[in-house]
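> Just entry_15.tsv, nothing more (TSV, C-alpha atoms and all ligand atoms):
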```
chain	number	residue	atom	x	y	z
A	1	MET	CA	0.00	0.00	0.00
A	2	SER	CA	1.31	3.40	-0.97
A	3	ASP	CA	1.62	6.31	1.44
A	4	ASP	CA	0.78	8.72	-1.34
A	5	PRO	CA	-2.56	10.44	-1.01
A	6	ALA	CA	-5.08	8.80	-3.31
A	7	GLU	CA	-5.80	10.46	-6.58
A	8	PRO	CA	-9.41	11.57	-6.33
A	9	VAL	CA	-11.83	9.90	-8.65
A	10	ALA	CA	-13.68	12.20	-11.02
A	11	ASP	CA	-17.34	12.95	-10.41
A	12	ARG	CA	-19.06	11.03	-13.18
A	13	SER	CA	-22.50	10.69	-11.66
A	14	ALA	CA	-24.39	11.52	-14.87
A	15	GLU	CA	-22.19	9.20	-16.94
A	16	LEU	CA	-22.60	6.37	-14.44
A	17	LEU	CA	-26.31	6.08	-14.90
A	18	SER	CA	-25.88	5.33	-18.61
A	19	ALA	CA	-22.65	3.31	-18.30
A	20	PHE	CA	-24.13	0.81	-15.86
A	21	PRO	CA	-27.72	0.13	-16.91
A	22	GLY	CA	-29.54	-2.07	-14.46
A	23	VAL	CA	-27.14	-1.24	-11.62
A	24	ARG	CA	-28.39	0.77	-8.68
A	25	VAL	CA	-25.70	3.44	-8.54
A	26	ASP	CA	-25.96	5.55	-5.40
A	27	PRO	CA	-23.70	7.92	-3.44
A	28	ASP	CA	-22.23	4.99	-1.49
A	29	ASN	CA	-21.01	3.08	-4.54
A	30	ALA	CA	-20.52	5.90	-7.07
A	31	ALA	CA	-16.75	6.03	-6.48
A	32	TYR	CA	-16.49	2.27	-7.10
A	33	TYR	CA	-18.30	2.52	-10.45
A	34	SER	CA	-16.49	5.72	-11.43
A	35	GLY	CA	-13.23	3.88	-10.81
A	36	LEU	CA	-14.25	1.11	-13.21
A	37	LEU	CA	-14.58	3.69	-15.99
A	38	GLU	CA	-10.97	4.70	-15.27
A	39	ARG	CA	-9.72	1.09	-15.01
A	40	ARG	CA	-9.21	1.51	-11.29
A	41	LEU	CA	-10.54	-0.98	-8.77
A	42	LEU	CA	-11.41	1.20	-5.79
A	43	LEU	CA	-12.58	-0.30	-2.51
A	44	ASN	CA	-13.61	1.53	0.60
A	45	GLN	CA	-11.08	1.87	3.40
A	46	CYS	CA	-11.54	3.43	6.81
A	47	THR	CA	-9.37	6.47	7.36
A	48	GLY	CA	-9.22	5.83	11.10
A	49	CYS	CA	-8.56	2.10	11.55
A	50	GLU	CA	-7.53	1.34	7.93
A	51	THR	CA	-9.97	-1.58	7.62
A	52	TRP	CA	-11.08	-2.31	4.05
A	53	HIS	CA	-14.56	-3.43	3.13
A	54	HIS	CA	-16.51	-4.40	0.02
A	55	PRO	CA	-19.17	-3.89	-1.26
A	56	PRO	CA	-19.04	-0.17	-0.49
A	57	ARG	CA	-20.89	1.12	2.53
A	58	PRO	CA	-20.79	4.53	4.20
A	59	ILE	CA	-19.72	3.14	7.58
A	60	CYS	CA	-16.61	1.17	8.57
A	61	PRO	CA	-17.71	-2.33	9.66
A	62	ALA	CA	-14.87	-2.50	12.21
A	63	CYS	CA	-15.13	0.81	14.10
A	64	TRP	CA	-18.36	2.35	12.72
A	65	SER	CA	-16.56	5.47	11.59
A	66	THR	CA	-18.18	7.32	8.70
A	67	ASP	CA	-14.74	8.47	7.56
A	68	VAL	CA	-14.33	5.93	4.76
A	69	SER	CA	-13.02	6.61	1.26
A	70	ALA	CA	-12.45	4.71	-1.97
A	71	GLN	CA	-8.80	3.70	-2.43
A	72	ASP	CA	-6.93	1.86	-5.18
A	73	ILE	CA	-6.06	-1.74	-4.42
A	74	GLN	CA	-2.82	-3.42	-5.53
A	75	GLY	CA	-4.75	-6.00	-7.54
A	76	SER	CA	-3.10	-9.18	-6.31
A	77	GLY	CA	-4.76	-11.94	-4.35
A	78	THR	CA	-5.60	-15.60	-3.95
A	79	VAL	CA	-8.58	-17.52	-5.30
A	80	ALA	CA	-10.81	-18.37	-2.34
A	81	LEU	CA	-13.85	-19.83	-4.13
A	82	VAL	CA	-14.41	-21.22	-7.64
A	83	THR	CA	-17.67	-21.90	-9.42
A	84	ILE	CA	-18.02	-22.81	-13.09
A	85	LEU	CA	-21.25	-21.56	-14.64
A	86	ARG	CA	-22.62	-23.51	-17.60
A	87	GLN	CA	-25.64	-21.26	-18.05
A	88	GLY	CA	-26.80	-17.87	-16.91
A	89	PRO	CA	-28.18	-14.54	-18.02
A	90	ARG	CA	-26.87	-13.13	-21.29
A	91	GLN	CA	-24.12	-10.65	-20.55
A	92	PRO	CA	-21.65	-8.95	-22.87
A	93	GLY	CA	-18.29	-10.74	-22.77
A	94	VAL	CA	-19.59	-13.83	-20.98
A	95	ASP	CA	-19.49	-17.19	-22.79
A	96	TYR	CA	-21.09	-20.09	-20.96
A	97	GLU	CA	-20.29	-22.57	-23.73
A	98	GLY	CA	-16.86	-23.52	-22.39
A	99	GLY	CA	-17.80	-22.76	-18.79
A	100	HIS	CA	-17.66	-19.30	-17.26
A	101	VAL	CA	-15.45	-19.17	-14.17
A	102	LEU	CA	-16.80	-17.25	-11.23
A	103	VAL	CA	-14.31	-16.69	-8.42
A	104	ALA	CA	-14.04	-14.88	-5.13
A	105	VAL	CA	-10.55	-13.43	-4.83
A	106	GLU	CA	-9.19	-12.69	-1.39
A	107	LEU	CA	-7.10	-9.57	-1.88
A	108	ASP	CA	-3.65	-9.18	-0.35
A	109	GLU	CA	-4.72	-5.97	1.39
A	110	GLN	CA	-6.58	-7.76	4.17
A	111	SER	CA	-7.65	-11.22	5.31
A	112	GLY	CA	-11.29	-11.76	4.39
A	113	LEU	CA	-11.43	-8.91	1.86
A	114	ARG	CA	-12.92	-10.62	-1.18
A	115	VAL	CA	-14.13	-9.43	-4.56
A	116	PRO	CA	-16.05	-11.45	-7.16
A	117	GLY	CA	-14.71	-11.84	-10.66
A	118	THR	CA	-13.59	-14.25	-13.33
A	119	VAL	CA	-10.22	-15.65	-14.36
A	120	VAL	CA	-9.30	-15.14	-18.01
A	121	GLY	CA	-6.63	-16.70	-20.18
A	122	VAL	CA	-6.94	-20.33	-19.07
A	123	PRO	CA	-9.61	-23.04	-19.45
A	124	ALA	CA	-12.20	-22.96	-16.67
A	125	GLU	CA	-11.11	-26.34	-15.29
A	126	GLU	CA	-7.57	-25.06	-14.64
A	127	VAL	CA	-8.64	-22.51	-12.02
A	128	ALA	CA	-8.37	-23.76	-8.45
A	129	VAL	CA	-8.72	-22.51	-4.89
A	130	GLY	CA	-5.34	-21.23	-3.74
A	131	ASP	CA	-4.21	-19.96	-7.15
A	132	ARG	CA	-2.41	-16.63	-7.06
A	133	VAL	CA	-4.05	-14.09	-9.37
A	134	GLN	CA	-3.48	-10.58	-10.64
A	135	LEU	CA	-6.01	-7.96	-11.71
A	136	VAL	CA	-6.39	-7.34	-15.45
A	137	TRP	CA	-8.95	-5.30	-17.39
A	138	THR	CA	-11.10	-6.74	-20.15
A	139	ASP	CA	-12.65	-4.50	-22.78
A	140	ILE	CA	-16.21	-5.67	-23.38
A	141	GLY	CA	-17.25	-3.37	-26.18
A	142	ASP	CA	-18.41	0.08	-27.10
A	143	GLY	CA	-20.39	1.83	-24.42
A	144	VAL	CA	-19.70	-0.86	-21.82
A	145	ALA	CA	-17.30	-0.23	-18.97
A	146	PRO	CA	-14.13	-2.37	-18.91
A	147	ARG	CA	-14.49	-5.33	-16.59
A	148	PRO	CA	-12.05	-6.04	-13.76
A	149	ASP	CA	-10.93	-9.65	-14.27
A	150	PHE	CA	-8.10	-11.75	-12.94
A	151	GLU	CA	-5.40	-13.82	-14.59
A	152	LEU	CA	-3.16	-16.44	-13.03
A	153	ALA	CA	-0.04	-14.80	-11.61
A	154	GLN	CA	3.25	-15.65	-13.32
B	201	ZN	ZN	-12.66	1.80	10.94
```
Go ahead and express the file in the form of structure tokens.


Amino acid sequence: MSDDPAEPVADRSAELLSAFPGVRVDPDNAAYYSGLLERRLLLNQCTGCETWHHPPRPICPACWSTDVSAQDIQGSGTVALVTILRQGPRQPGVDYEGGHVLVAVELDEQSGLRVPGTVVGVPAEEVAVGDRVQLVWTDIGDGVAPRPDFELAQ
């Protein structure tokens, strides 16, 4: 984690509503979704006790402080859960034909801090609990925000 003050995320509230149709964007999660548009994975961290949490909430779950802010994560972690989906709702960039991997990645920032995602670049069956992974960004298409994915670490 860097000691540098975080670069503030731009206010994109109007853009968010069109960039994430079907998502309930609100003041608590606006920084998270704004970050996605900038290829930044921002999670909330408490300014007082430095505890991270996700999904974004306005109150620290550890000390109940309201002084929480969205910070960049390093993007490295360990696969904690793996599910292979063979069917599901149609989504841009998701192919269920060969199995779509759904993972929970426990980030290196903090024990228990997990984000959902997929692992790209390898067949679904090759992803296992305990694999080290690194954040990558996948372009889905015009008008759709890039998706934070993971790839197996080298
Ligand atoms: Zn706290």

> Under the rule that all atoms listed in the file are counted, which of A:Ser18, A:Asn44, A:Ser76, A:Ser34 is the nearest residue to ligand ZN 201 (chain B)?

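Smallest separation from ligand ZN 201 (chain B) among the options: A:Asn44.
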
> Using only C-alpha atoms and all ligand atoms, determine which residues fall within 12 Å of ligand ZN 201 (chain B), then list them as a count of residues only.

23

> Would you please work out which residue, of A:Gly143, A:Gly99, A:Pro92, A:Pro56, is nearest to A:Leu17 when using only C-alpha atoms?

A:Gly143

> Identify which of the residues A:Ala153, A:Val120, A:Leu81, A:Pro146 lies closest to A:Ala19, counting all atoms listed in the file when measuring atom-to-atom distances.

A:Pro146

> Please determine, counting only C-alpha atoms, which residue among A:Gly141, A:Gly75, A:Gly98, A:Pro27 has the shortest atom-to-atom distance to A:Arg12.

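Under the stated criterion, the closest residue is A:Pro27.
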
> Using all atoms listed in the file, can you tell me which of A:Val23, A:Leu113, A:Ala10, A:Leu36 comes closest to A:Asp139?

A:Leu36

> Taking (-8.7, 3.6, -10.2) in the file's own coordinates, collect the residues within 9 Å, counting only C-alpha atoms, and hand them back as JSON, numbers by chain.

{"A": [7, 8, 9, 32, 34, 35, 36, 37, 38, 39, 40, 41, 42, 71, 72, 73]}

> Just how far from atom CA of A:Val82 is atom CA of A:Gly121, in Å to one decimal?

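Computing the Euclidean distance for atom CA of A:Gly121 and atom CA of A:Val82 yields 15.4 Å.
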
> Please determine, counting only C-alpha atoms, which residue among A:Phe20, A:Thr78, A:Asp149, A:Ala124 has the shortest atom-to-atom distance to A:Gly112.

A:Thr78

> Quote the spacing between atom CA of A:Ile140 and atom CA of A:Glu125 in Å to one decimal place.

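Straight-line distance from atom CA of A:Ile140 to atom CA of A:Glu125 works out to 22.8 Å.
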
> What are the centre and edge lengths in Å, to one decimal, of the axis-aligned box around all listed atoms of stretch 86-93 of chain A with 6 Å added on each side, as lines of an AutoDock Vina configuration file?


```
center_x = -23.2
center_y = -16.2
center_z = -19.9
size_x = 21.9
size_y = 26.6
size_z = 18.0
```

> Atom CA of A:Asn29 and atom CA of A:Leu16, how far apart in Å?

10.6 Å

> Reconstruct stretch 110-128 of chain A at the level of N, CA and C atoms, and format the result as a PDB file, keeping the file's coordinate frame.


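This went into selection.pdb:
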```
ATOM      1  N   GLN A 110      -6.007  -7.439   2.853  1.00  0.00           N
ATOM      2  CA  GLN A 110      -6.580  -7.760   4.170  1.00  0.00           C
ATOM      3  C   GLN A 110      -7.208  -9.150   4.140  1.00  0.00           C
ATOM      4  N   SER A 111      -6.999  -9.915   5.178  1.00  0.00           N
ATOM      5  CA  SER A 111      -7.650 -11.220   5.310  1.00  0.00           C
ATOM      6  C   SER A 111      -9.166 -11.041   5.282  1.00  0.00           C
ATOM      7  N   GLY A 112      -9.838 -11.829   4.463  1.00  0.00           N
ATOM      8  CA  GLY A 112     -11.290 -11.760   4.390  1.00  0.00           C
ATOM      9  C   GLY A 112     -11.828 -10.739   3.409  1.00  0.00           C
ATOM     10  N   LEU A 113     -10.974  -9.909   2.833  1.00  0.00           N
ATOM     11  CA  LEU A 113     -11.430  -8.910   1.860  1.00  0.00           C
ATOM     12  C   LEU A 113     -11.512  -9.586   0.498  1.00  0.00           C
ATOM     13  N   ARG A 114     -12.721  -9.856   0.042  1.00  0.00           N
ATOM     14  CA  ARG A 114     -12.920 -10.620  -1.180  1.00  0.00           C
ATOM     15  C   ARG A 114     -13.729  -9.832  -2.198  1.00  0.00           C
ATOM     16  N   VAL A 115     -13.365 -10.018  -3.456  1.00  0.00           N
ATOM     17  CA  VAL A 115     -14.130  -9.430  -4.560  1.00  0.00           C
ATOM     18  C   VAL A 115     -14.496 -10.547  -5.534  1.00  0.00           C
ATOM     19  N   PRO A 116     -15.683 -10.460  -6.146  1.00  0.00           N
ATOM     20  CA  PRO A 116     -16.050 -11.450  -7.160  1.00  0.00           C
ATOM     21  C   PRO A 116     -15.421 -11.103  -8.494  1.00  0.00           C
ATOM     22  N   GLY A 117     -15.258 -12.096  -9.346  1.00  0.00           N
ATOM     23  CA  GLY A 117     -14.710 -11.840 -10.660  1.00  0.00           C
ATOM     24  C   GLY A 117     -14.608 -13.121 -11.450  1.00  0.00           C
ATOM     25  N   THR A 118     -13.860 -13.057 -12.537  1.00  0.00           N
ATOM     26  CA  THR A 118     -13.590 -14.250 -13.330  1.00  0.00           C
ATOM     27  C   THR A 118     -12.099 -14.306 -13.589  1.00  0.00           C
ATOM     28  N   VAL A 119     -11.629 -15.475 -14.004  1.00  0.00           N
ATOM     29  CA  VAL A 119     -10.220 -15.650 -14.360  1.00  0.00           C
ATOM     30  C   VAL A 119     -10.166 -15.884 -15.861  1.00  0.00           C
ATOM     31  N   VAL A 120      -9.404 -15.053 -16.550  1.00  0.00           N
ATOM     32  CA  VAL A 120      -9.300 -15.140 -18.010  1.00  0.00           C
ATOM     33  C   VAL A 120      -7.955 -15.739 -18.398  1.00  0.00           C
ATOM     34  N   GLY A 121      -7.903 -16.246 -19.626  1.00  0.00           N
ATOM     35  CA  GLY A 121      -6.630 -16.700 -20.180  1.00  0.00           C
ATOM     36  C   GLY A 121      -6.329 -18.171 -20.014  1.00  0.00           C
ATOM     37  N   VAL A 122      -7.151 -18.886 -19.253  1.00  0.00           N
ATOM     38  CA  VAL A 122      -6.940 -20.330 -19.070  1.00  0.00           C
ATOM     39  C   VAL A 122      -8.307 -21.015 -19.124  1.00  0.00           C
ATOM     40  N   PRO A 123      -8.343 -22.306 -19.484  1.00  0.00           N
ATOM     41  CA  PRO A 123      -9.610 -23.040 -19.450  1.00  0.00           C
ATOM     42  C   PRO A 123     -10.189 -23.055 -18.039  1.00  0.00           C
ATOM     43  N   ALA A 124     -11.515 -23.047 -17.955  1.00  0.00           N
ATOM     44  CA  ALA A 124     -12.200 -22.960 -16.670  1.00  0.00           C
ATOM     45  C   ALA A 124     -11.711 -24.024 -15.683  1.00  0.00           C
ATOM     46  N   GLU A 125     -11.465 -25.235 -16.178  1.00  0.00           N
ATOM     47  CA  GLU A 125     -11.110 -26.340 -15.290  1.00  0.00           C
ATOM     48  C   GLU A 125      -9.727 -26.166 -14.657  1.00  0.00           C
ATOM     49  N   GLU A 126      -8.931 -25.232 -15.164  1.00  0.00           N
ATOM     50  CA  GLU A 126      -7.570 -25.060 -14.640  1.00  0.00           C
ATOM     51  C   GLU A 126      -7.504 -24.076 -13.480  1.00  0.00           C
ATOM     52  N   VAL A 127      -8.638 -23.470 -13.121  1.00  0.00           N
ATOM     53  CA  VAL A 127      -8.640 -22.510 -12.020  1.00  0.00           C
ATOM     54  C   VAL A 127      -8.981 -23.247 -10.724  1.00  0.00           C
ATOM     55  N   ALA A 128      -8.181 -23.022  -9.693  1.00  0.00           N
ATOM     56  CA  ALA A 128      -8.370 -23.760  -8.450  1.00  0.00           C
ATOM     57  C   ALA A 128      -8.230 -22.832  -7.247  1.00  0.00           C
TER      58      ALA A 128
END
```
